[in-house]
There are 4 protein chains.
Amino acid sequence: MNKGFRVGIVGATGYVGVELVRLLSSHPFFRLTRLVSQSYAGKPFSEIYPAFNRVVDSLLSDLDIDRIASDCDLAITALPHGVSASVVPQLLDRGVRVLDHSGDFRYRRVEVYEQAYQLRHPCPALLAEAVYGLPEIYRDEIAKARLVANPGCYPTCALLALKPLLQAGVISTEGIVVDAVSGVSGAGRKADLAYSFCEQDASFKAYGVIGHRHTSEIEQGAGFLAGLPQPPLVTFTPHLAPMKRGMLATVYADLLPGTDASTLQEIFAQAYKEEPFIRFLSGGQLPETRSVLGTNYADLSVFPDGRTNKVKILSAIDNLGKGAAGQAVQALNLMAGLKETSGLEIPGFAI
Amino acid sequence: MNKGFRVGIVGATGYVGVELVRLLSSHPFFRLTRLVSQSYAGKPFSEIYPAFNRVVDSLLSDLDIDRIASDCDLAITALPHGVSASVVPQLLDRGVRVLDHSGDFRYRRVEVYEQAYQLRHPCPALLAEAVYGLPEIYRDEIAKARLVANPGCYPTCALLALKPLLQAGVISTEGIVVDAVSGVSGAGRKADLAYSFCEQDASFKAYGVIGHRHTSEIEQGAGFLAGLPQPPLVTFTPHLAPMKRGMLATVYADLLPGTDASTLQEIFAQAYKEEPFIRFLSGGQLPETRSVLGTNYADLSVFPDGRTNKVKILSAIDNLGKGAAGQAVQALNLMAGLKETSGLEIPGFAI
Amino acid sequence: MNKGFRVGIVGATGYVGVELVRLLSSHPFFRLTRLVSQSYAGKPFSEIYPAFNRVVDSLLSDLDIDRIASDCDLAITALPHGVSASVVPQLLDRGVRVLDHSGDFRYRRVEVYEQAYQLRHPCPALLAEAVYGLPEIYRDEIAKARLVANPGCYPTCALLALKPLLQAGVISTEGIVVDAVSGVSGAGRKADLAYSFCEQDASFKAYGVIGHRHTSEIEQGAGFLAGLPQPPLVTFTPHLAPMKRGMLATVYADLLPGTDASTLQEIFAQAYKEEPFIRFLSGGQLPETRSVLGTNYADLSVFPDGRTNKVKILSAIDNLGKGAAGQAVQALNLMAGLKETSGLEIPGFAI
Amino acid sequence: MNKGFRVGIVGATGYVGVELVRLLSSHPFFRLTRLVSQSYAGKPFSEIYPAFNRVVDSLLSDLDIDRIASDCDLAITALPHGVSASVVPQLLDRGVRVLDHSGDFRYRRVEVYEQAYQLRHPCPALLAEAVYGLPEIYRDEIAKARLVANPGCYPTCALLALKPLLQAGVISTEGIVVDAVSGVSGAGRKADLAYSFCEQDASFKAYGVIGHRHTSEIEQGAGFLAGLPQPPLVTFTPHLAPMKRGMLATVYADLLPGTDASTLQEIFAQAYKEEPFIRFLSGGQLPETRSVLGTNYADLSVFPDGRTNKVKILSAIDNLGKGAAGQAVQALNLMAGLKETSGLEIPGFAI
């Protein structure tokens with residue numbers, strides 16, 4: 001195979017980084033030409049992650065923009081919020097296309113970003129150019145983009161749940177509730193007592209109950225899907241479950257008067273019938289996170305509740321898969337003009 | 001200590017049964033005089049649960065109503081729904097007071113039960129007498145009752161969350177959403193592939209998405225708390241997390257016009273200031289299930305969301321503690337005229 | 001790619017079966033032409049394992065030897081011990097090569113098998129022909145074999161640990177201790193209370209402490225490696241850890257007089273330097289099961305203990321990978337004349 | 001109850017500390033008068049461990065030797081190795097009896113300590129006075145001691161396994177192998193990437209393979225039990241399993257010639273028939289760590305292997321229970337002249 005497209009990862013040793021390395025190292029068309037890690041520069045990647053012994057033994061390097069520019073056609077930045085915004089413009093300036101994992105380029109309106117992240121944006125002009133990297137909404141724009149902002153995990157999970165019914169105009173945009181659960185890897189790789197095994201195992205809790213950043217990202221997407229001038233207000237609560245990976249959103253919305261509940265299944269089936277990574281489960285099947293682990297799939301099901309006139313939508317993804325690295329590879333395939341599913345047609349671990 | 005009050009457990013080897021044995025075997029005033037298990041009659045309890053070697057080695061016995069009547073002042077029935085309804089009247093007839101764990105005596109209106117459980121009730125007349133065993137609502141009635149119906153785990157968790165605001169009349173009774181998560185022990189002790197380690201570990205899912213039985217039990221309680229002639233409709237979704245024990249409900253409700261969000265904390269603090277087992281967490285603290293494991297505590301917190309005019313209430317219990325056996329012991333203490341906290345003033349496992 | 005080699009799996013829905021399907025469905029040269037499951041015949045494979053929706057939706061079929069013979073060049077039998085021995089000869093008779101996962105064809109001497117499995121062998125003549133499918137020992141024989149007996153998980157893990165030092169003749173064949181730990185999937189897919197989540201999670205135990213079947217299989221292999229006429233006696237203890245997959249053996253042996261402990265590292269490095277799936281960790285690195293999950297790798301390290309004159313060898317595999325399905329695919333590659341690593345050059349989940 | 005005996009804990013917020021607080025806060029005769037934590041001085045204990053809300057809300061205090069001396073009859077020091085040795089003499093000097101959790105006072109010979117811990121001992125004279133706090137060996141000495149050194153978790157688990165057969169003189173003191181597994185809490189409470197949930201869950205590994213400190217402590221105890229002038233050499237390997245609590249040792253020893261294997265069960269039964277916390281499991285029962293969680297029990301079983309002339313002994317404890325805080329309370333009961341089982345007669349969580 002001609003592995004012609006050269007990709008660099010900046011921030012290769014975080015949990016999103018290592019999942020990117022896993023997917024890209026076995027990708028048929030991409031070549032990993034640069035793995036950047038400030039903390040571990042000079043060491044083999046496989047020393048940090050022994051699972052990659054013999055698979056990816058490449059040396060990690062310092063952040064050197066010029067070297068990336070000469071070695072890579074595209075760079076993936078998996079950096080903390082705020083840091084990305086200072087690195088990405090340098091890459092773009094040298095002609096490197098960028099897919100960024102932070103929140104820095106996900107927003108159309110800089111004031112929403114600055115409010116959510118409590119940071120001053122150093123290059124707001126790029127927000128007009130950046131494309132929100134959810135292929136199920138912005139497929140064509142991603143293909144041509146110079147800068148793609150990979151969506152957050154919760155927004156991906158929630159927007160895939162909301163898209164069919166918002167676009168069909170059968171649910172109210174007021175009063176939407178997104179109740180979601182993530183595996184612990186969503187918190188990133190860090191030495192933090194709160195995420196130690198003994199504090200996390202065998203326990204369940206909510207966090208970020210008021211004002212979690214992803215709320216505004218969900219609202220922006222929901223507003224777009226509903227064709228509203230102003231984003232609707234969404235109630236969002238994230239939770240942490242004692243598992244490494246996986247995310248499930250349970251979304252509640254009010255059916256608009258006149259909606260025939262029996263059509264909801266059909267709306268979903270139609271909306272996603274061409275989507276390679278959306279598996280709409282009909283016939284009462286329920287998504288489980290284990291069925292999407294390690295994959296780019298989103299498993300969805302929809303349940304109208306005739307009694308309360310609400311609808312429940314269930315959406316399961318791997319927070320490191322469709323919620324991060326898998327979705328990034330899907331966007332990369334589009335950017336490189338490849339088949340969208342290249343390197344992603346893999347089954348998960350059933351067990 | 002005078003352990004004068006004699007208690008029998010019918011269904012002692014299920015997960016609720018064993019937790020009852022754990023709590024009652026170290027209770028200062030109750031004496032376990034009869035452990036009934038149809039499946040293991042004749043064997044020592046500690047053979048089924050080796051954790052109880054030297055602690056409870058009593059023999060398990062067959063279900064013999066007369067023997068229970070002669071040996072016990074009170075019987076706890078932890079039997080499948082439908083089975084309880086056939087056993088309980090026999091115990092009552094022989095003068096034994098009963099605390100029942102099934103759904104069979106939790107309803108005021110037999111048609112709601114029959115709809116929810118898809119069973120025909122053999123003794124609907126008892127529903128008028130049975131007291132719903134939530135001490136935070138029916139404390140006085142429990143003390144005098146001949147028959148107490150121990151509440152379901154999800155209803156306990158949800159009703160404790162809803163009580164202060166429903167009674168204060170500050171939230172709408174329409175549109176309430178209860179999104180809740182349970183540990184796997186909630187499914188009971190059984191040889192079932194679906195609950196095997198390899199199918200449950202490291203995964204998260206919803207179940208019973210439409211029509212879970214506990215919906216009607218939550219609605220009945222919410223209607224009572226709100227003082228409504230008809231129960232409100234509640235949207236309820238249970239989920240399963242990869243942990244043995246613990247339950248967290250995230251409850252969403254609309255604030256009524258004119259409600260000052262800043263008063264919600266105060267309403268909760270007042271409502272529960274005398275309750276021995278309700279720990280209201282203020283100051284932004286969030287309940288975690290690990291903090292209530294093995295105890296009868298419910299940890300609660302409340303978060304008004306000024307943006308959406310909704311309130312979020314978080315409620316954590318141990319599904320086998322305040323959600324089952326702990327609550328049963330609390331009710332038993334009341335029935336026996338003891339201090340309500342007897343035998344329950346134990347800290348959980350912090351680790 | 002020409003996916004010319006047609007493979008059938010008999011017993012496709014057990015845990016070894018599903019891992020075979022995972023590996024073979026993305027294999028570059030094999031084609032899965034038949035998935036047999038007595039329990040689920042007629043259903044799509046992905047109905048049993050929703051992780052395979054869109055990936056493997058093929059229908060499961062009944063066991064029909066003639067159909068297998070016409071559709072498959074090779075059949076993998078993943079059946080209970082004793083059942084395999086009745087099915088395998090029928091396949092061979094029709095010219096189908098077979099890789100068998102049971103213990104039925106792993107032994108040279110039928111009396112050892114019959115003692116270990118407490119079964120009467122129906123076709124002992126095949127034992128002379130069957131090849132023990134450990135490529136690190138029997139590479140050439142596997143390539144030409146008509147019948148390959150895939151090794152047990154514990155024997156694979158232990159024999160890879162013992163091979164270098166037994167062949168170098170530096171350890172005593174007397175007094176070897178193999179202390180090993182497996183994930184719960186090793187017990188197979190079954191509705192059994194003992195393997196339910198609530199009975200397995202957060203607990204650790206030994207099992208099969210005296211007389212576990214794999215003892216005799218380890219002994220047979222150790223005898224062969226040491227060039228002994230009679231297998232040595234090995235002390236083996238298996239344990240169960242609260243995790244789905246993964247296996248670690250800690251092997252203890254006495255160094256023979258005159259052995260220079262400093263050479264042990266070198267013996268291991270040499271012994272495995274050409275082996276594609278053995279990763280010898282030097283420099284004090286320790287194997288962890290998470291680094292081999294989902295792969296065919298074995299991670300090994302060796303530690304001489306100058307004080308006690310013993311050596312400790314640590315060996316980590318995925319019990320479903322190198323311990324079952326991965327090893328099977330490695331053998332299949334050899335049988336089909338392919339590059340031994342085809343379809344297996346995948347990194348594991350680091351997280 | 002007269003809770004007359006006043007106890008202070010120095011290092012109350014580590015995992016041993018919190019388990020001590022759990023056990024002592026519900027103890028019938030001890031009164032917790034001082035909880036010292038350098039990191040959290042001034043905060044309520046329950047702020048660090050919300051499980052203790054309403055149960056132990058006492059304020060944590062700085063280390064003030066004089067205040068401890070005036071408030072406590074006995075102090076428990078749960079401090080890092082090396083730190084204890086500087087604090088303990090000050091307490092003793094002021095007349096406070098001490099039970100110490102570190103390795104600092106467990107050794108008879110200072111050079112063994114200094115070799116194992118790579119520290120210079122500041123007060124070796126105290127080693128002659130300190131009593132090794134394993135009641136099953138040093139019951140009488142503990143009762144009278146001014147300073148008790150609480151044993152390490154692995155040594156407790158291993159020595160309880162070895163005691164009957166070493167004292168009966170039926171096993172060789174040469175070639176003993178202790179292969180043991182601990183839950184993650186054994187590593188203590190700390191912000192360390194290596195002990196984060198994502199790095200520990202679903203994985204199994206060995207650590208400290210050569211030269212783990214507890215080796216010398218096991219050897220010292222084994223030498224004492226066997227009545228040898230010099231401790232025997234023991235081969236010891238600790239492992240980490242993905243669970244919070246629990247420890248299992250699998251001990252291998254060679255039976256001495258002339259030993260009748262059938263007597264081993266009887267030797268164990270006799271050796272432990274009066275011990276309140278040793279549950280000897282006969283009839284083929286196997287210890288599981290879940291059966292001892294939260295308790296001070298050790299579950300033991302013994303299996304002679306006639307084939308290899310070895311014996312396997314299995315020993316399960318809770319590393320925070322009999323391996324730390326439970327054992328400490330047992331020793332405290334002795335030191336205070338109480339019934340040895342006071343406050344410890346509690347069943348574990350069966351589920």
# chains A, B, ... in the order shown; residues from 1 in each chain; ligands from 1
>>> residues_around(residues="region 164-174 of chain C", least_positions_apart="2", cutoff="10 Å", atoms="only C-alpha atoms", output="PyMOL selection string")
(chain C and resi 159-162+176-177+219+222-228+231-235+252-261+263-272+302+310-311+313) or (chain D and resi 308)
>>> write_last_selection(atoms="C-alpha atoms", output="short mmCIF file (atom, residue, chain, number, x, y, z; two decimals), in the first residue's frame")
data_model
loop_
_atom_site.label_atom_id
_atom_site.label_comp_id
_atom_site.auth_asym_id
_atom_site.auth_seq_id
_atom_site.Cartn_x
_atom_site.Cartn_y
_atom_site.Cartn_z
CA LEU C 159 5.75 -23.09 28.32
CA LEU C 160 6.82 -19.81 26.71
CA ALA C 161 8.25 -18.88 30.11
CA LEU C 162 10.04 -22.20 30.54
CA ILE C 176 9.04 -26.10 39.02
CA VAL C 177 6.13 -23.99 40.30
CA GLU C 219 4.26 -31.23 32.08
CA ALA C 222 8.16 -29.20 29.71
CA GLY C 223 9.32 -32.76 29.21
CA PHE C 224 9.61 -32.23 25.50
CA LEU C 225 11.51 -28.95 25.94
CA ALA C 226 13.92 -30.55 28.40
CA GLY C 227 14.41 -33.59 26.20
CA LEU C 228 13.29 -35.94 28.92
CA PRO C 231 7.60 -35.44 31.76
CA PRO C 232 8.71 -33.75 34.97
CA LEU C 233 6.23 -33.06 37.74
CA VAL C 234 5.10 -29.44 37.83
CA THR C 235 3.22 -27.69 40.62
CA TYR C 252 9.65 -20.42 39.81
CA ALA C 253 12.53 -22.80 39.10
CA ASP C 254 15.79 -23.80 40.74
CA LEU C 255 18.96 -22.83 38.93
CA LEU C 256 21.26 -25.78 38.33
CA PRO C 257 24.67 -25.66 39.99
CA GLY C 258 27.20 -23.91 37.84
CA THR C 259 24.68 -21.61 36.20
CA ASP C 260 25.86 -18.07 35.90
CA ALA C 261 22.77 -16.02 36.75
CA THR C 263 23.55 -15.25 31.50
CA LEU C 264 19.81 -15.79 31.94
CA GLN C 265 18.89 -12.51 30.29
CA GLU C 266 21.08 -13.39 27.36
CA ILE C 267 19.58 -16.88 27.06
CA PHE C 268 16.11 -15.35 26.82
CA ALA C 269 17.17 -12.65 24.39
CA GLN C 270 18.77 -15.23 22.11
CA ALA C 271 15.98 -17.76 22.38
CA TYR C 272 13.33 -15.30 21.29
CA VAL C 302 13.29 -13.12 33.79
CA LYS C 310 15.91 -19.59 42.12
CA VAL C 311 14.79 -17.85 38.98
CA ILE C 313 9.99 -15.86 35.02
CA THR D 308 5.06 -33.45 43.92
#
>>> residues_around(residues="region 289-293 of chain B", least_positions_apart="3", cutoff="6 Å", atoms="only C-alpha atoms", output="list of chain:residue names")
A:Ser203, A:Phe204, B:Gly246, B:Tyr297, B:Ala316, B:Ile317, B:Asp318, B:Gly348, D:Pro50, D:Ala51
>>> write_last_selection(atoms="N, CA and C atoms", output="PDB file, in the first residue's frame")
ATOM      1  N   SER A 203     -17.647   3.175  42.081  1.00  0.00           N
ATOM      2  CA  SER A 203     -18.422   4.346  42.478  1.00  0.00           C
ATOM      3  C   SER A 203     -18.952   5.079  41.254  1.00  0.00           C
ATOM      4  N   PHE A 204     -19.995   5.848  41.456  1.00  0.00           N
ATOM      5  CA  PHE A 204     -20.643   6.588  40.369  1.00  0.00           C
ATOM      6  C   PHE A 204     -20.997   7.969  40.889  1.00  0.00           C
TER       7      PHE A 204
ATOM      8  N   GLY B 246     -24.758   0.487  44.781  1.00  0.00           N
ATOM      9  CA  GLY B 246     -24.794   1.945  44.668  1.00  0.00           C
ATOM     10  C   GLY B 246     -25.840   2.380  43.667  1.00  0.00           C
ATOM     11  N   TYR B 297     -27.555   5.775  54.623  1.00  0.00           N
ATOM     12  CA  TYR B 297     -27.606   7.197  54.289  1.00  0.00           C
ATOM     13  C   TYR B 297     -28.066   7.437  52.845  1.00  0.00           C
ATOM     14  N   ALA B 316     -27.904  10.046  46.090  1.00  0.00           N
ATOM     15  CA  ALA B 316     -27.119   8.806  46.085  1.00  0.00           C
ATOM     16  C   ALA B 316     -27.484   7.936  47.273  1.00  0.00           C
ATOM     17  N   ILE B 317     -27.757   6.678  47.000  1.00  0.00           N
ATOM     18  CA  ILE B 317     -27.986   5.707  48.073  1.00  0.00           C
ATOM     19  C   ILE B 317     -27.252   4.415  47.716  1.00  0.00           C
ATOM     20  N   ASP B 318     -27.187   3.517  48.672  1.00  0.00           N
ATOM     21  CA  ASP B 318     -26.793   2.148  48.366  1.00  0.00           C
ATOM     22  C   ASP B 318     -28.079   1.410  48.028  1.00  0.00           C
ATOM     23  N   GLY B 348     -19.746   3.908  56.263  1.00  0.00           N
ATOM     24  CA  GLY B 348     -19.527   3.039  55.111  1.00  0.00           C
ATOM     25  C   GLY B 348     -18.055   2.779  54.919  1.00  0.00           C
TER      26      GLY B 348
ATOM     27  N   PRO D  50     -16.129  11.909  52.689  1.00  0.00           N
ATOM     28  CA  PRO D  50     -17.547  12.213  52.916  1.00  0.00           C
ATOM     29  C   PRO D  50     -18.371  11.018  53.397  1.00  0.00           C
ATOM     30  N   ALA D  51     -17.844   9.815  53.265  1.00  0.00           N
ATOM     31  CA  ALA D  51     -18.550   8.666  53.831  1.00  0.00           C
ATOM     32  C   ALA D  51     -18.745   8.837  55.336  1.00  0.00           C
TER      33      ALA D  51
END
>>> closest_atom_pairs(of="chain D", to="chain B", cutoff="9 Å", atoms="only C-alpha atoms", output="Markdown table")
| residue | atom | partner | partner_atom | distance |
| --- | --- | --- | --- | --- |
| D:Tyr15 | CA | B:Ile351 | CA | 7.3 |
| D:Val18 | CA | B:Ala350 | CA | 7.4 |
| D:Glu19 | CA | B:Ala350 | CA | 7.9 |
| D:Arg22 | CA | B:Pro347 | CA | 6.3 |
| D:Leu23 | CA | B:Pro347 | CA | 8.9 |
| D:Ser25 | CA | B:Pro347 | CA | 8.4 |
| D:Ser26 | CA | B:Ile346 | CA | 6.9 |
| D:Tyr49 | CA | B:Ala350 | CA | 6.4 |
| D:Pro50 | CA | B:Ser291 | CA | 5.9 |
| D:Ala51 | CA | B:Ser291 | CA | 3.9 |
| D:Phe52 | CA | B:Pro347 | CA | 5.9 |
| D:Asn53 | CA | B:Arg279 | CA | 7.5 |
| D:Arg54 | CA | B:Arg279 | CA | 8.0 |
| D:Val55 | CA | B:Pro347 | CA | 6.2 |
| D:Val56 | CA | B:Pro347 | CA | 8.4 |
| D:Ser185 | CA | B:Ile351 | CA | 7.9 |
| D:Ala202 | CA | B:Ala202 | CA | 8.6 |
| D:Lys244 | CA | B:Ile351 | CA | 7.1 |
| D:Arg245 | CA | B:Ile351 | CA | 8.0 |
| D:Pro276 | CA | B:Arg54 | CA | 8.9 |
| D:Arg279 | CA | B:Asn53 | CA | 7.6 |
| D:Pro287 | CA | B:Pro50 | CA | 8.7 |
| D:Glu288 | CA | B:Pro50 | CA | 8.8 |
| D:Arg290 | CA | B:Ala51 | CA | 7.4 |
| D:Ser291 | CA | B:Ala51 | CA | 4.0 |
| D:Val292 | CA | B:Ala51 | CA | 6.1 |
| D:Leu293 | CA | B:Ala51 | CA | 8.2 |
| D:Gly294 | CA | B:Phe349 | CA | 7.9 |
| D:Glu345 | CA | B:Val55 | CA | 7.5 |
| D:Ile346 | CA | B:Ser26 | CA | 6.9 |
| D:Pro347 | CA | B:Phe52 | CA | 5.9 |
| D:Gly348 | CA | B:Ala51 | CA | 5.8 |
| D:Phe349 | CA | B:Ala51 | CA | 7.2 |
| D:Ala350 | CA | B:Ala51 | CA | 5.5 |
| D:Ile351 | CA | B:Lys244 | CA | 7.2 |
>>> write_last_selection(atoms="C-alpha atoms", output="CSV table (one decimal), in the first residue's frame")
chain,number,residue,atom,x,y,z
D,15,TYR,CA,-6.0,4.4,53.7
D,18,VAL,CA,-9.4,5.8,57.4
D,19,GLU,CA,-9.9,2.1,58.1
D,22,ARG,CA,-14.0,3.3,60.6
D,23,LEU,CA,-13.2,0.5,63.1
D,25,SER,CA,-15.4,5.0,65.7
D,26,SER,CA,-17.8,2.2,66.2
D,49,TYR,CA,-13.9,11.2,53.4
D,50,PRO,CA,-17.5,12.2,52.9
D,51,ALA,CA,-18.5,8.7,53.8
D,52,PHE,CA,-18.0,9.8,57.4
D,53,ASN,CA,-20.4,12.8,57.3
D,54,ARG,CA,-22.3,12.7,60.6
D,55,VAL,CA,-20.2,9.7,61.8
D,56,VAL,CA,-16.8,11.3,62.3
D,185,SER,CA,-5.1,0.3,48.3
D,202,ALA,CA,-8.5,-4.5,34.0
D,244,LYS,CA,-9.4,-1.9,45.9
D,245,ARG,CA,-8.9,-4.2,48.8
D,276,PRO,CA,-10.9,-16.1,66.9
D,279,ARG,CA,-11.1,-19.4,59.8
D,287,PRO,CA,-10.5,-18.7,50.4
D,288,GLU,CA,-11.8,-15.7,48.3
D,290,ARG,CA,-14.4,-11.0,49.1
D,291,SER,CA,-15.3,-13.1,52.1
D,292,VAL,CA,-12.9,-11.2,54.3
D,293,LEU,CA,-13.4,-7.7,53.0
D,294,GLY,CA,-13.9,-5.2,55.8
D,345,GLU,CA,-17.1,-9.1,65.4
D,346,ILE,CA,-18.6,-7.8,62.2
D,347,PRO,CA,-19.4,-9.7,59.1
D,348,GLY,CA,-17.9,-8.5,55.9
D,349,PHE,CA,-19.8,-7.4,52.8
D,350,ALA,CA,-20.7,-10.7,51.2
D,351,ILE,CA,-21.7,-8.6,48.1
>>> residues_around(residues="Leu248 (chain D)", least_positions_apart="2", cutoff="6 Å", atoms="only C-alpha atoms", output="list of chain:residue names")
D:Ala180, D:Val181, D:Ser315, D:Ala316
>>> select_by_dssp(residues="region 5-249 of chain D", states="strand (DSSP E or B)", output="NGL selection string")
:D and (5-10 or 30-36 or 44 or 59-61 or 74-77 or 97-100 or 131-132 or 147-149 or 171 or 176-182 or 196 or 205-206 or 234-240 or 247-249)
>>> atom_distance(atom1="CA of Ile142 (chain D)", atom2="CA of Ala128 (chain D)")
13.6 Å
>>> atom_distance(atom1="CA of Lys322 (chain B)", atom2="CA of Lys3 (chain B)")
23.2 Å
>>> closest_residue(among="D:Ser61, D:Thr215, D:Gln118, D:Ser70", to="Gly82 (chain D)", atoms="only C-alpha atoms")
D:Gln118
>>> residues_around(residues="Cys123 (chain B)", least_positions_apart="5", cutoff="9 Å", atoms="only C-alpha atoms", output="list in words")
Ala85, Ser86 and Pro89 of chain B
>>> write_last_selection(atoms="N, CA and C atoms", output="PDB file, in the first residue's frame")
ATOM      1  N   ALA B  85     -47.294 -11.828  47.757  1.00  0.00           N
ATOM      2  CA  ALA B  85     -48.722 -11.633  47.973  1.00  0.00           C
ATOM      3  C   ALA B  85     -49.419 -12.901  48.433  1.00  0.00           C
ATOM      4  N   SER B  86     -48.809 -14.052  48.159  1.00  0.00           N
ATOM      5  CA  SER B  86     -49.441 -15.291  48.616  1.00  0.00           C
ATOM      6  C   SER B  86     -48.949 -15.707  50.003  1.00  0.00           C
ATOM      7  N   PRO B  89     -50.240 -12.777  53.574  1.00  0.00           N
ATOM      8  CA  PRO B  89     -51.500 -12.904  54.328  1.00  0.00           C
ATOM      9  C   PRO B  89     -51.475 -14.043  55.342  1.00  0.00           C
TER      10      PRO B  89
END
>>> select_by_dssp(residues="region 79-122 of chain B", states="alpha helix (DSSP H)", output="list in words")
Ser84, Ala85, Ser86, Val87, Val88, Pro89, Gln90, Leu91, Leu92, Asp93, Val110, Glu111, Val112, Tyr113, Glu114, Gln115, Ala116 and Tyr117 of chain B
>>> residues_around(residues="Leu35 (chain B)", least_positions_apart="3", cutoff="6 Å", atoms="only C-alpha atoms", output="list in words")
Gly8, Ile9, Ala12 and Leu60 of chain B
>>> atom_distance(atom1="CA of Asn296 (chain C)", atom2="CA of Ala158 (chain C)")
15.2 Å
